[in-house]
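Novice: Okay, so here is my_file.txt, and as you'll see once you scroll down, it has compact mmCIF, C-alpha atoms and all ligand atoms.
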```txt
# COMPACT_ATOMS: atom_id res chain seq x y z
CA MET A 1 -4.76 47.73 -17.21
CA LYS A 2 -3.17 45.02 -15.11
CA PHE A 3 0.30 44.12 -13.84
CA PHE A 4 1.89 40.69 -14.10
CA ASP A 5 4.97 40.76 -11.91
CA THR A 6 7.75 38.33 -12.78
CA THR A 7 10.41 39.51 -10.30
CA LEU A 8 10.46 36.07 -8.71
CA ARG A 9 10.90 34.24 -12.02
CA ASP A 10 12.46 36.36 -14.77
CA GLY A 11 13.92 38.82 -12.24
CA GLU A 12 15.56 36.04 -10.27
CA GLN A 13 17.21 34.78 -13.48
CA MET A 14 19.57 37.75 -13.04
CA PRO A 15 23.16 36.44 -12.93
CA GLY A 16 24.46 35.96 -9.43
CA VAL A 17 21.05 36.24 -7.76
CA SER A 18 19.58 33.35 -5.79
CA LEU A 19 16.76 33.81 -3.32
CA THR A 20 15.87 31.45 -0.50
CA VAL A 21 12.30 30.18 -0.19
CA GLU A 22 11.72 32.57 2.72
CA GLU A 23 13.02 35.55 0.74
CA LYS A 24 10.78 34.66 -2.20
CA VAL A 25 7.76 34.46 0.09
CA GLN A 26 8.69 37.81 1.65
CA ILE A 27 8.85 39.47 -1.78
CA ALA A 28 5.59 37.83 -2.87
CA MET A 29 3.83 39.21 0.19
CA ALA A 30 5.18 42.71 -0.56
CA LEU A 31 3.99 42.39 -4.19
CA ASP A 32 0.57 41.32 -2.93
CA GLU A 33 0.47 44.36 -0.63
CA LEU A 34 1.40 46.47 -3.65
CA ARG A 35 -1.63 44.90 -5.39
CA VAL A 36 -0.08 43.59 -8.57
CA ASP A 37 -2.68 41.49 -10.36
CA TYR A 38 -0.48 38.44 -10.99
CA ILE A 39 2.66 37.15 -9.30
CA GLU A 40 4.82 34.75 -11.30
CA ALA A 41 6.24 32.89 -8.31
CA GLY A 42 8.79 30.86 -10.22
CA PHE A 43 9.32 27.94 -12.54
CA ALA A 44 8.09 24.96 -10.51
CA ALA A 45 9.81 22.32 -12.67
CA VAL A 46 13.28 23.79 -12.05
CA SER A 47 13.92 22.22 -8.63
CA ARG A 48 12.27 20.94 -5.48
CA GLU A 49 13.13 24.15 -3.67
CA GLU A 50 11.61 26.23 -6.47
CA ALA A 51 8.41 24.14 -6.38
CA GLU A 52 8.26 24.60 -2.60
CA ALA A 53 8.55 28.39 -2.97
CA VAL A 54 5.85 28.44 -5.65
CA SER A 55 3.53 26.31 -3.45
CA LYS A 56 4.05 28.50 -0.39
CA ILE A 57 3.39 31.65 -2.39
CA ALA A 58 0.29 30.13 -3.99
CA ARG A 59 -0.96 29.26 -0.50
CA ASP A 60 -0.13 32.57 1.25
CA VAL A 61 -0.91 35.26 -1.30
CA ALA A 62 -4.33 36.80 -0.70
CA TYR A 63 -5.13 39.06 -3.67
CA ALA A 64 -2.98 38.32 -6.71
CA GLU A 65 -3.35 35.35 -9.04
CA VAL A 66 -0.22 33.23 -8.70
CA ALA A 67 1.48 31.78 -11.79
CA SER A 68 4.26 29.33 -12.54
CA LEU A 69 6.18 29.17 -15.79
CA ALA A 70 6.16 25.85 -17.70
CA ARG A 71 7.74 24.74 -20.95
CA ALA A 72 5.20 23.36 -23.41
CA HIS A 73 5.40 19.82 -22.15
CA LYS A 74 3.51 17.74 -19.65
CA PRO A 75 6.07 17.29 -16.83
CA ASP A 76 6.53 21.07 -16.54
CA ILE A 77 2.78 21.65 -16.64
CA ASP A 78 2.23 18.98 -13.99
CA ALA A 79 4.89 20.51 -11.72
CA ALA A 80 3.20 23.92 -12.06
CA VAL A 81 -0.34 22.62 -11.46
CA ASP A 82 0.79 20.44 -8.55
CA SER A 83 2.29 23.45 -6.82
CA GLY A 84 -1.22 24.88 -6.53
CA VAL A 85 -0.99 27.94 -8.79
CA ASP A 86 -3.97 29.70 -10.37
CA VAL A 87 -2.23 30.25 -13.71
CA VAL A 88 0.12 28.04 -15.73
CA HIS A 89 2.28 30.14 -18.02
CA VAL A 90 3.09 27.85 -20.95
CA PHE A 91 5.77 29.03 -23.36
CA ILE A 92 7.49 27.91 -26.52
CA ALA A 93 9.60 29.87 -28.99
CA THR A 94 8.14 30.90 -32.35
CA SER A 95 11.08 32.67 -34.03
CA ASP A 96 12.91 30.79 -36.78
CA ILE A 97 16.25 31.20 -35.02
CA HIS A 98 14.94 29.66 -31.77
CA MET A 99 13.03 26.88 -33.53
CA LYS A 100 16.06 25.94 -35.63
CA TYR A 101 18.95 26.28 -33.18
CA LYS A 102 17.32 25.72 -29.80
CA LEU A 103 14.18 23.64 -30.19
CA ARG A 104 15.23 21.84 -33.40
CA MET A 105 11.58 21.75 -34.36
CA THR A 106 9.69 22.74 -37.50
CA ARG A 107 6.91 25.30 -37.50
CA GLU A 108 4.33 22.48 -37.79
CA GLU A 109 5.84 20.67 -34.83
CA VAL A 110 5.73 23.84 -32.76
CA LEU A 111 2.07 24.42 -33.62
CA GLY A 112 1.30 20.82 -32.68
CA ARG A 113 3.12 21.21 -29.37
CA ILE A 114 1.23 24.43 -28.59
CA ALA A 115 -2.16 22.78 -29.16
CA GLU A 116 -1.24 19.68 -27.17
CA SER A 117 0.32 21.47 -24.18
CA VAL A 118 -2.32 24.18 -23.85
CA GLU A 119 -5.12 21.60 -24.09
CA TYR A 120 -3.40 19.50 -21.47
CA ALA A 121 -2.90 22.43 -19.09
CA LYS A 122 -6.55 23.41 -19.51
CA SER A 123 -7.62 19.83 -18.78
CA ARG A 124 -5.90 20.21 -15.41
CA GLY A 125 -8.34 22.94 -14.42
CA VAL A 126 -6.13 26.03 -14.35
CA LYS A 127 -6.05 29.33 -16.18
CA VAL A 128 -3.57 29.15 -19.07
CA LEU A 129 -1.40 32.01 -20.23
CA PHE A 130 0.43 31.23 -23.47
CA SER A 131 3.71 32.98 -24.43
CA ALA A 132 5.31 32.88 -27.88
CA GLU A 133 8.94 33.30 -26.84
CA ASP A 134 10.93 35.68 -29.09
CA ALA A 135 7.65 36.95 -30.54
CA THR A 136 9.20 40.18 -31.80
CA ARG A 137 11.64 38.26 -34.05
CA SER A 138 9.02 35.79 -35.26
CA ASP A 139 7.47 35.74 -38.70
CA LEU A 140 4.29 37.79 -38.25
CA GLU A 141 1.88 35.40 -39.94
CA PHE A 142 3.33 32.43 -38.12
CA LEU A 143 3.18 34.31 -34.81
CA ALA A 144 -0.52 35.04 -35.31
CA GLU A 145 -1.07 31.38 -36.21
CA ALA A 146 0.74 30.26 -33.06
CA PHE A 147 -1.41 32.50 -30.86
CA ARG A 148 -4.59 31.42 -32.70
CA THR A 149 -3.66 27.80 -32.13
CA ALA A 150 -3.15 28.46 -28.42
CA ILE A 151 -6.45 30.31 -28.06
CA GLU A 152 -8.35 27.60 -29.94
CA ALA A 153 -6.75 25.02 -27.62
CA GLY A 154 -8.11 26.95 -24.63
CA ALA A 155 -5.51 29.59 -23.69
CA ASP A 156 -7.25 32.24 -21.61
CA GLU A 157 -4.63 34.93 -22.13
CA ILE A 158 -1.63 35.42 -24.40
CA ASN A 159 1.74 37.10 -23.94
CA VAL A 160 3.90 38.84 -26.53
CA PRO A 161 7.52 38.73 -25.30
CA ASP A 162 10.26 40.92 -26.69
CA THR A 163 12.73 38.32 -25.49
CA VAL A 164 15.94 40.00 -26.58
CA GLY A 165 14.72 43.58 -26.33
CA VAL A 166 14.82 44.41 -30.04
CA ALA A 167 11.46 46.16 -30.34
CA THR A 168 10.98 49.89 -30.62
CA PRO A 169 7.83 51.72 -29.52
CA SER A 170 6.51 52.07 -33.08
CA ARG A 171 7.18 48.40 -33.90
CA MET A 172 5.55 47.32 -30.66
CA LYS A 173 2.47 49.40 -31.47
CA TYR A 174 2.32 47.85 -34.94
CA LEU A 175 2.70 44.33 -33.56
CA VAL A 176 -0.01 44.71 -30.92
CA GLU A 177 -2.44 46.22 -33.44
CA TYR A 178 -1.59 43.54 -36.01
CA LEU A 179 -2.29 40.72 -33.55
CA LYS A 180 -5.36 42.35 -32.01
CA ALA A 181 -6.89 42.67 -35.47
CA ARG A 182 -6.39 38.97 -36.24
CA LEU A 183 -7.01 37.12 -32.98
CA PRO A 184 -10.04 36.32 -30.86
CA PRO A 185 -10.36 38.87 -28.05
CA VAL A 186 -8.39 37.46 -25.12
CA PRO A 187 -6.34 39.63 -22.75
CA MET A 188 -2.91 40.38 -24.20
CA HIS A 189 0.22 40.69 -22.05
CA VAL A 190 3.47 42.27 -23.19
CA HIS A 191 6.85 41.31 -21.78
CA CYS A 192 9.71 43.61 -22.75
CA HIS A 193 13.41 43.25 -22.11
CA ASP A 194 15.74 46.21 -21.81
CA ASP A 195 18.71 45.32 -24.04
CA PHE A 196 18.45 48.69 -25.80
CA GLY A 197 17.05 50.57 -22.81
CA MET A 198 13.55 50.65 -24.28
CA ALA A 199 11.64 48.10 -22.21
CA VAL A 200 9.47 50.66 -20.44
CA ALA A 201 8.84 52.73 -23.58
CA ASN A 202 7.93 49.57 -25.52
CA THR A 203 5.58 48.43 -22.76
CA ILE A 204 3.87 51.80 -22.70
CA ALA A 205 3.53 51.79 -26.50
CA ALA A 206 1.95 48.34 -26.33
CA LEU A 207 -0.51 49.45 -23.66
CA GLU A 208 -1.45 52.50 -25.72
CA ALA A 209 -2.03 50.18 -28.68
CA GLY A 210 -4.47 48.06 -26.68
CA ALA A 211 -2.49 45.44 -24.75
CA GLU A 212 -4.12 44.90 -21.38
CA VAL A 213 -1.38 43.50 -19.14
CA ALA A 214 2.20 44.70 -18.52
CA GLN A 215 4.71 42.05 -17.50
CA VAL A 216 7.31 43.72 -15.32
CA THR A 217 9.89 43.21 -12.60
CA VAL A 218 10.63 45.40 -9.59
CA ASN A 219 13.56 47.73 -10.37
CA GLY A 220 13.70 46.21 -13.86
CA PHE A 221 15.82 43.38 -12.43
CA GLY A 222 16.35 40.49 -14.82
CA GLU A 223 18.72 38.81 -17.24
CA ARG A 224 21.13 40.95 -19.32
CA GLY A 225 19.69 44.50 -19.42
CA GLY A 226 16.71 43.35 -17.37
CA ASN A 227 12.97 43.75 -17.84
CA ALA A 228 10.50 46.63 -17.92
CA ALA A 229 10.58 48.17 -14.43
CA LEU A 230 7.31 47.85 -12.54
CA GLU A 231 7.63 51.23 -10.81
CA GLU A 232 8.39 53.07 -14.07
CA VAL A 233 5.57 51.44 -16.03
CA ALA A 234 3.17 52.04 -13.12
CA ALA A 235 4.13 55.72 -12.81
CA ALA A 236 3.98 56.35 -16.57
CA ALA A 237 0.67 54.49 -16.93
CA ARG A 238 -0.87 56.40 -14.05
CA PHE A 239 0.61 59.89 -14.38
CA LEU A 240 1.29 60.17 -18.12
CA LEU A 241 -1.50 58.08 -19.60
CA GLY A 242 -4.07 58.38 -16.80
CA PHE A 243 -4.69 54.61 -16.77
CA ARG A 244 -6.53 53.10 -13.85
CA THR A 245 -4.53 50.40 -12.09
CA GLY A 246 -4.90 48.64 -8.78
CA ILE A 247 -1.32 49.45 -7.76
CA ARG A 248 -0.89 51.14 -4.38
CA MET A 249 1.52 53.68 -5.80
CA GLU A 250 2.69 54.93 -2.41
CA ARG A 251 4.22 51.50 -1.72
CA LEU A 252 6.50 51.55 -4.78
CA TYR A 253 9.59 52.95 -3.02
CA GLU A 254 9.40 50.53 -0.10
CA THR A 255 8.86 47.54 -2.39
CA SER A 256 11.77 48.58 -4.59
CA ARG A 257 14.09 48.81 -1.56
CA LEU A 258 13.03 45.45 -0.18
CA VAL A 259 13.68 43.73 -3.52
CA ALA A 260 17.04 45.49 -3.96
CA LYS A 261 18.09 44.39 -0.47
CA LEU A 262 17.08 40.75 -0.92
CA PHE A 263 18.61 40.59 -4.42
CA GLY A 264 21.79 42.10 -2.96
CA ILE A 265 21.87 44.82 -5.60
CA GLN A 266 22.37 48.50 -4.97
CA LEU A 267 20.10 50.78 -6.99
CA GLN A 268 21.70 53.57 -8.96
CA PRO A 269 20.80 56.98 -7.45
CA ASN A 270 19.41 58.30 -10.75
CA LYS A 271 16.90 55.44 -11.06
CA ALA A 272 13.57 56.88 -12.20
CA VAL A 273 10.73 57.03 -9.66
CA VAL A 274 12.42 55.15 -6.79
CA GLY A 275 16.06 56.32 -6.97
CA ASP A 276 17.43 58.56 -4.23
CA ASN A 277 17.95 61.32 -6.79
CA ALA A 278 14.51 60.98 -8.39
CA PHE A 279 13.30 63.95 -6.35
CA SER A 280 16.64 65.52 -5.36
CA HIS A 281 17.49 69.08 -6.29
CA GLU A 282 20.80 70.89 -6.00
CA SER A 283 21.05 73.63 -8.61
CA GLY A 284 20.01 77.03 -7.32
CA ILE A 285 17.49 77.64 -10.11
CA HIS A 286 15.75 74.30 -9.57
CA VAL A 287 15.64 74.60 -5.79
CA HIS A 288 14.16 78.09 -6.06
CA GLY A 289 11.46 76.74 -8.40
CA VAL A 290 10.71 73.65 -6.33
CA LEU A 291 10.46 75.58 -3.08
CA ASN A 292 7.89 77.89 -4.70
CA ASN A 293 6.01 75.12 -6.49
CA PRO A 294 7.36 71.53 -6.68
CA PHE A 295 5.75 70.94 -10.09
CA THR A 296 8.24 73.36 -11.64
CA TYR A 297 10.83 70.56 -11.60
CA GLU A 298 8.93 67.45 -10.50
CA PRO A 299 6.48 65.63 -12.80
CA MET A 300 4.76 63.85 -9.89
CA THR A 301 4.99 64.21 -6.13
CA PRO A 302 7.54 62.05 -4.30
CA GLU A 303 4.84 61.07 -1.78
CA ALA A 304 2.72 59.62 -4.59
CA VAL A 305 5.31 56.88 -5.08
CA GLY A 306 6.52 56.68 -1.48
CA ASN A 307 9.78 58.53 -2.21
CA LYS A 308 11.09 61.74 -0.58
CA ARG A 309 12.15 65.15 -1.80
CA ARG A 310 15.74 66.02 -1.00
CA ILE A 311 17.31 69.46 -1.28
CA VAL A 312 21.02 68.83 -1.64
CA LEU A 313 23.70 71.37 -0.82
CA GLY A 314 26.63 71.39 -3.22
CA LYS A 315 28.61 73.31 -5.76
CA HIS A 316 25.46 74.19 -7.74
CA SER A 317 23.59 75.60 -4.74
CA GLY A 318 22.18 79.12 -4.62
CA ARG A 319 21.00 81.43 -1.84
CA HIS A 320 17.50 79.93 -1.73
CA SER A 321 18.88 76.50 -0.88
CA ILE A 322 21.03 77.89 1.91
CA GLU A 323 18.15 79.90 3.38
CA TRP A 324 15.96 76.84 3.26
CA ALA A 325 18.62 74.56 4.81
CA LEU A 326 19.36 77.00 7.63
CA LYS A 327 15.67 77.26 8.47
CA GLN A 328 15.49 73.45 8.56
CA ILE A 329 18.04 73.43 11.37
CA GLY A 330 16.30 76.26 13.24
CA ILE A 331 18.64 79.11 12.27
CA GLU A 332 17.41 82.48 11.07
CA PRO A 333 19.17 83.11 7.71
CA SER A 334 20.56 86.66 7.84
CA PRO A 335 21.92 87.84 4.44
CA GLU A 336 25.50 87.87 5.82
CA LEU A 337 25.21 84.34 7.19
CA VAL A 338 23.74 83.10 3.88
CA ASP A 339 26.61 84.66 1.92
CA TYR A 340 29.20 83.10 4.18
CA VAL A 341 27.64 79.62 4.24
CA LEU A 342 27.06 79.64 0.47
CA ARG A 343 30.74 80.34 -0.15
CA ARG A 344 31.83 77.64 2.28
CA VAL A 345 29.36 75.09 0.80
CA LYS A 346 30.70 75.66 -2.72
CA ASP A 347 34.35 75.35 -1.61
CA TYR A 348 33.66 72.27 0.42
CA ALA A 349 31.60 70.51 -2.28
CA ALA A 350 34.18 71.36 -4.96
CA ARG A 351 36.48 68.95 -3.13
CA LYS A 352 33.84 66.22 -3.70
CA ARG A 353 32.73 66.16 -0.10
CA PRO A 354 29.02 65.87 0.82
CA VAL A 355 27.53 68.75 2.76
CA ASP A 356 25.36 67.15 5.40
CA GLU A 357 23.68 68.71 8.43
CA ALA A 358 26.79 68.44 10.65
CA VAL A 359 28.91 70.22 8.03
CA LEU A 360 26.29 72.93 7.62
CA LYS A 361 26.21 73.50 11.39
CA SER A 362 30.00 73.74 11.46
CA PHE A 363 29.83 76.56 8.87
CA VAL A 364 27.31 78.39 11.05
CA ASP A 365 29.64 77.97 14.04
CA GLU A 366 32.58 79.32 12.00
CA PHE A 367 30.52 82.36 10.99
CA GLN A 368 29.59 83.03 14.60
CA ALA A 369 33.19 82.67 15.78
CA LEU A 370 34.48 84.97 13.06
CA PHE A 371 31.86 87.67 12.87
CA VAL A 372 29.56 87.60 15.86
CA ARG A 373 31.37 89.16 18.80
CA GLU A 374 29.73 89.15 22.18
CA ILE A 375 29.26 92.69 23.44
CA PRO A 376 31.64 93.07 26.41
CA ARG A 377 29.75 93.45 29.66
CA PRO A 378 30.50 96.62 31.70
CA ARG A 379 32.54 95.87 34.86
O1 LIG B 401 11.68 36.82 -22.18
C1 LIG B 401 10.92 35.88 -22.42
O2 LIG B 401 10.65 35.52 -23.56
C2 LIG B 401 10.35 35.16 -21.28
C3 LIG B 401 9.26 34.19 -21.59
C4 LIG B 401 9.47 32.90 -20.92
C5 LIG B 401 7.93 34.81 -21.31
O3 LIG B 401 10.70 35.42 -20.15
ZN ZN B 402 11.73 37.40 -20.13
```
If you convert what's in this file into structure tokens, what do you get?
Specialist:
Amino acid sequence: MKFFDTTLRDGEQMPGVSLTVEEKVQIAMALDELRVDYIEAGFAAVSREEAEAVSKIARDVAYAEVASLARAHKPDIDAAVDSGVDVVHVFIATSDIHMKYKLRMTREEVLGRIAESVEYAKSRGVKVLFSAEDATRSDLEFLAEAFRTAIEAGADEINVPDTVGVATPSRMKYLVEYLKARLPPVPMHVHCHDDFGMAVANTIAALEAGAEVAQVTVNGFGERGGNAALEEVAAAARFLLGFRTGIRMERLYETSRLVAKLFGIQLQPNKAVVGDNAFSHESGIHVHGVLNNPFTYEPMTPEAVGNKRRIVLGKHSGRHSIEWALKQIGIEPSPELVDYVLRRVKDYAARKRPVDEAVLKSFVDEFQALFVREIPRPR
């Protein structure tokens, strides 16, 4: 399977986010190092600055195919092609609600526009990816007809967007199988939004049903609830489904942090795969298990995705955590010392204060002052 990253296009549509050209290029280079298969660099027709970013990315990226989004009309397609991309991503909506209230076009007009714009983009010598926006709320037969029209006009690949995140895994599976059974065999992308928190599950269901390309954004950044998160889809595809991908998994954490920093958005600690708590353990039972064998409470190793294991001291800690933490700071954990420090850790953490290394050392010092008397030297 392949990854089409749209952090720089759909991700950047996140309210309040605006990247400079240099920041976009920096993210594109990190995505290229991560070895995503496609980078959607932007929407070249949006502005001169956007076109400049797309051009620079198309010039500098070494491995990925670079794409620009384009509405299904010539000026957008020209702006995309002129920015030097490998792939023009042509889209038009196919749901009745979008055709009626947004496009103000009939089904026939939409089909005509698909044929005309895809043919035109092909005539400009690029690879064409065609998206039927709001596919998951489109009439099924019409959706298949729209994709067939695009493929007959020369589209090399097609994309099935769940634009407002209304799919469920079983519906996504049905949709992919339905389309696969009716269309000529071109690679199928899926593009899932997270309005109901199911973007990753829907993407995985689509891949299991035979879709070949996952459209994702780093950290799931994007409009409203965001998009399917690259790092979560990559980890599930690799570790749960055993799919082969080109992703350098060990770079996921670093890439996630870079994107969060440049987007100016702090990641929640419980974020799957790349969150600070993804491999953190506090409760005594879990720490005991993890110290004996990390797979007791970790479904993959933190190193596999570039993250780190953290043993956290707090109100749920047990003796094993304290023994481990004392050894980490070079102190032999006698049973009396462990008892004392465990009690102090629980009291301290109960007042919502974090127990870091300095605090731990202060508990050891207290114990020594209270209970370890120097033997008086004979005069
Ligand atoms: O969500 C969506 O439908 C999109 C398309 C433009 C692919 O982002
Ligand atoms: Zn989208």
Novice: Counting all atoms listed in the file, which protein, DNA or RNA residues come within 7 Å of ligand ZN 402 (chain B), given as a CSV table (one decimal) with C-alpha atoms, in the frame of the given file?
Specialist:
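The resulting file, part32.csv, is shown below:
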```
chain,number,residue,atom,x,y,z
A,10,ASP,CA,12.5,36.4,-14.8
A,161,PRO,CA,7.5,38.7,-25.3
A,163,THR,CA,12.7,38.3,-25.5
A,191,HIS,CA,6.8,41.3,-21.8
A,193,HIS,CA,13.4,43.2,-22.1
A,227,ASN,CA,13.0,43.8,-17.8
```
Novice: Env of A:Ala228: 8 Å cut, atoms = all atoms listed in the file, seq-sep filter 5 positions within chain, self excluded. Answer as a CSV table (one decimal) with C-alpha atoms, in the coordinates of the input.
Specialist:
```csv
chain,number,residue,atom,x,y,z
A,191,HIS,CA,6.8,41.3,-21.8
A,192,CYS,CA,9.7,43.6,-22.8
A,193,HIS,CA,13.4,43.2,-22.1
A,194,ASP,CA,15.7,46.2,-21.8
A,199,ALA,CA,11.6,48.1,-22.2
A,200,VAL,CA,9.5,50.7,-20.4
A,203,THR,CA,5.6,48.4,-22.8
A,215,GLN,CA,4.7,42.0,-17.5
A,216,VAL,CA,7.3,43.7,-15.3
A,217,THR,CA,9.9,43.2,-12.6
A,220,GLY,CA,13.7,46.2,-13.9
A,233,VAL,CA,5.6,51.4,-16.0
```
Novice: Name the residues, by chain letter and number, that sit within 9 Å of ligand LIG 401 (chain B) using all atoms listed in the file, and give them as a PyMOL selection string.
Specialist: chain A and resi 6+9-10+69-71+89-93+130-135+159-165+190-193+215+223+227
Novice: May I have the selected residues written with C-alpha atoms, as a short mmCIF file (atom, residue, chain, number, x, y, z; two decimals), in the coordinates of the input?
Specialist:
```cif
data_model
loop_
_atom_site.label_atom_id
_atom_site.label_comp_id
_atom_site.auth_asym_id
_atom_site.auth_seq_id
_atom_site.Cartn_x
_atom_site.Cartn_y
_atom_site.Cartn_z
CA THR A 6 7.75 38.33 -12.78
CA ARG A 9 10.90 34.24 -12.02
CA ASP A 10 12.46 36.36 -14.77
CA LEU A 69 6.18 29.17 -15.79
CA ALA A 70 6.16 25.85 -17.70
CA ARG A 71 7.74 24.74 -20.95
CA HIS A 89 2.28 30.14 -18.02
CA VAL A 90 3.09 27.85 -20.95
CA PHE A 91 5.77 29.03 -23.36
CA ILE A 92 7.49 27.91 -26.52
CA ALA A 93 9.60 29.87 -28.99
CA PHE A 130 0.43 31.23 -23.47
CA SER A 131 3.71 32.98 -24.43
CA ALA A 132 5.31 32.88 -27.88
CA GLU A 133 8.94 33.30 -26.84
CA ASP A 134 10.93 35.68 -29.09
CA ALA A 135 7.65 36.95 -30.54
CA ASN A 159 1.74 37.10 -23.94
CA VAL A 160 3.90 38.84 -26.53
CA PRO A 161 7.52 38.73 -25.30
CA ASP A 162 10.26 40.92 -26.69
CA THR A 163 12.73 38.32 -25.49
CA VAL A 164 15.94 40.00 -26.58
CA GLY A 165 14.72 43.58 -26.33
CA VAL A 190 3.47 42.27 -23.19
CA HIS A 191 6.85 41.31 -21.78
CA CYS A 192 9.71 43.61 -22.75
CA HIS A 193 13.41 43.25 -22.11
CA GLN A 215 4.71 42.05 -17.50
CA GLU A 223 18.72 38.81 -17.24
CA ASN A 227 12.97 43.75 -17.84
#
```
Novice: Give me the residues near A:Lys271 as an mmCIF file with C-alpha atoms, keeping the file's coordinate frame, where near means some atom within 12 Å (using all atoms listed in the file) and where sequence neighbours in that chain fewer than 4 positions away do not count.
Specialist:
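The resulting file, around_32.cif, is reproduced below:
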```cif
data_model
loop_
_atom_site.group_PDB
_atom_site.id
_atom_site.type_symbol
_atom_site.label_atom_id
_atom_site.label_comp_id
_atom_site.auth_asym_id
_atom_site.auth_seq_id
_atom_site.Cartn_x
_atom_site.Cartn_y
_atom_site.Cartn_z
ATOM 1 C CA VAL A 218 10.630 45.400 -9.590
ATOM 2 C CA ASN A 219 13.560 47.730 -10.370
ATOM 3 C CA GLY A 220 13.700 46.210 -13.860
ATOM 4 C CA ALA A 229 10.580 48.170 -14.430
ATOM 5 C CA GLU A 231 7.630 51.230 -10.810
ATOM 6 C CA GLU A 232 8.390 53.070 -14.070
ATOM 7 C CA TYR A 253 9.590 52.950 -3.020
ATOM 8 C CA SER A 256 11.770 48.580 -4.590
ATOM 9 C CA ARG A 257 14.090 48.810 -1.560
ATOM 10 C CA GLN A 266 22.370 48.500 -4.970
ATOM 11 C CA LEU A 267 20.100 50.780 -6.990
ATOM 12 C CA GLY A 275 16.060 56.320 -6.970
ATOM 13 C CA ASP A 276 17.430 58.560 -4.230
ATOM 14 C CA ASN A 277 17.950 61.320 -6.790
ATOM 15 C CA ALA A 278 14.510 60.980 -8.390
ATOM 16 C CA PHE A 279 13.300 63.950 -6.350
ATOM 17 C CA SER A 280 16.640 65.520 -5.360
ATOM 18 C CA ASN A 307 9.780 58.530 -2.210
#
```
Novice: Restrict the calculation to only C-alpha atoms, then for each residue of stretch 85-191 of chain A with any atom at most 9 Å from an atom of stretch 209-213 of chain A give the closest atom pair and their distance in Å to one decimal, rows by chain and rising residue number, as a tab-separated table.
Specialist:
```
residue	atom	partner	partner_atom	distance
A:Asn159	CA	A:Val213	CA	8.6
A:Met172	CA	A:Ala209	CA	8.3
A:Lys173	CA	A:Ala209	CA	5.4
A:Tyr174	CA	A:Ala209	CA	8.0
A:Leu175	CA	A:Ala209	CA	9.0
A:Val176	CA	A:Ala209	CA	6.2
A:Glu177	CA	A:Ala209	CA	6.2
A:Lys180	CA	A:Gly210	CA	7.9
A:Pro187	CA	A:Glu212	CA	5.9
A:Met188	CA	A:Ala211	CA	5.1
A:His189	CA	A:Val213	CA	4.4
A:Val190	CA	A:Val213	CA	6.4
A:His191	CA	A:Val213	CA	8.9
```
Novice: What's around A:Lys122 at 10 Å? Count all atoms listed in the file, leave out sequence neighbours fewer than 2 positions away in its own chain, and write the answer as a short mmCIF file (atom, residue, chain, number, x, y, z; two decimals) with C-alpha atoms, in the coordinates of the input.
Specialist:
```
data_model
loop_
_atom_site.label_atom_id
_atom_site.label_comp_id
_atom_site.auth_asym_id
_atom_site.auth_seq_id
_atom_site.Cartn_x
_atom_site.Cartn_y
_atom_site.Cartn_z
CA ILE A 77 2.78 21.65 -16.64
CA VAL A 87 -2.23 30.25 -13.71
CA VAL A 88 0.12 28.04 -15.73
CA SER A 117 0.32 21.47 -24.18
CA VAL A 118 -2.32 24.18 -23.85
CA GLU A 119 -5.12 21.60 -24.09
CA TYR A 120 -3.40 19.50 -21.47
CA ARG A 124 -5.90 20.21 -15.41
CA GLY A 125 -8.34 22.94 -14.42
CA VAL A 126 -6.13 26.03 -14.35
CA LYS A 127 -6.05 29.33 -16.18
CA VAL A 128 -3.57 29.15 -19.07
CA ALA A 153 -6.75 25.02 -27.62
CA GLY A 154 -8.11 26.95 -24.63
CA ALA A 155 -5.51 29.59 -23.69
CA ASP A 156 -7.25 32.24 -21.61
#
```
Novice: Between atom CA of A:Val274 and atom CA of A:Val355, what is the spacing in Å?
Specialist: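 Between these atoms lies a distance of 22.5 Å.
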Novice: Would you mind listing what lies within 7 Å of stretch 338-341 of chain A as an MDAnalysis selection string, with all atoms listed in the file counted and same-chain residues fewer than 5 positions away left out?
Specialist: chainID A and resid 319 322:323 333 363:364 367
Novice: Keeping only C-alpha atoms, write the selected residues to a file as a PDB file, keeping the file's coordinate frame.
Specialist:
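Okay, this is what ended up in result.pdb:
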```pdb
ATOM      1  CA  ARG A 319      21.000  81.430  -1.840  1.00  0.00           C
ATOM      2  CA  ILE A 322      21.030  77.890   1.910  1.00  0.00           C
ATOM      3  CA  GLU A 323      18.150  79.900   3.380  1.00  0.00           C
ATOM      4  CA  PRO A 333      19.170  83.110   7.710  1.00  0.00           C
ATOM      5  CA  PHE A 363      29.830  76.560   8.870  1.00  0.00           C
ATOM      6  CA  VAL A 364      27.310  78.390  11.050  1.00  0.00           C
ATOM      7  CA  PHE A 367      30.520  82.360  10.990  1.00  0.00           C
TER       8      PHE A 367
END
```
Novice: For A:Phe3, work out the shell of residues within 6 Å, counting all atoms listed in the file and skipping chain neighbours fewer than 6 positions away, then give it as a list in words.
Specialist: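 Contacts, in chain order: Val36, Asp37, Val213 and Ala214 of chain A.
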Novice: Write out the residues from the selection above, keeping C-alpha atoms, as a PDB file, keeping the file's coordinate frame.
Specialist:
```pdb
ATOM      1  CA  VAL A  36      -0.080  43.590  -8.570  1.00  0.00           C
ATOM      2  CA  ASP A  37      -2.680  41.490 -10.360  1.00  0.00           C
ATOM      3  CA  VAL A 213      -1.380  43.500 -19.140  1.00  0.00           C
ATOM      4  CA  ALA A 214       2.200  44.700 -18.520  1.00  0.00           C
TER       5      ALA A 214
END
```
Novice: With only C-alpha atoms as the atoms that count, which of A:Ala236, A:Leu252, A:Ala64, A:Leu342 lies nearest to A:Tyr38?
Specialist: A:Ala64
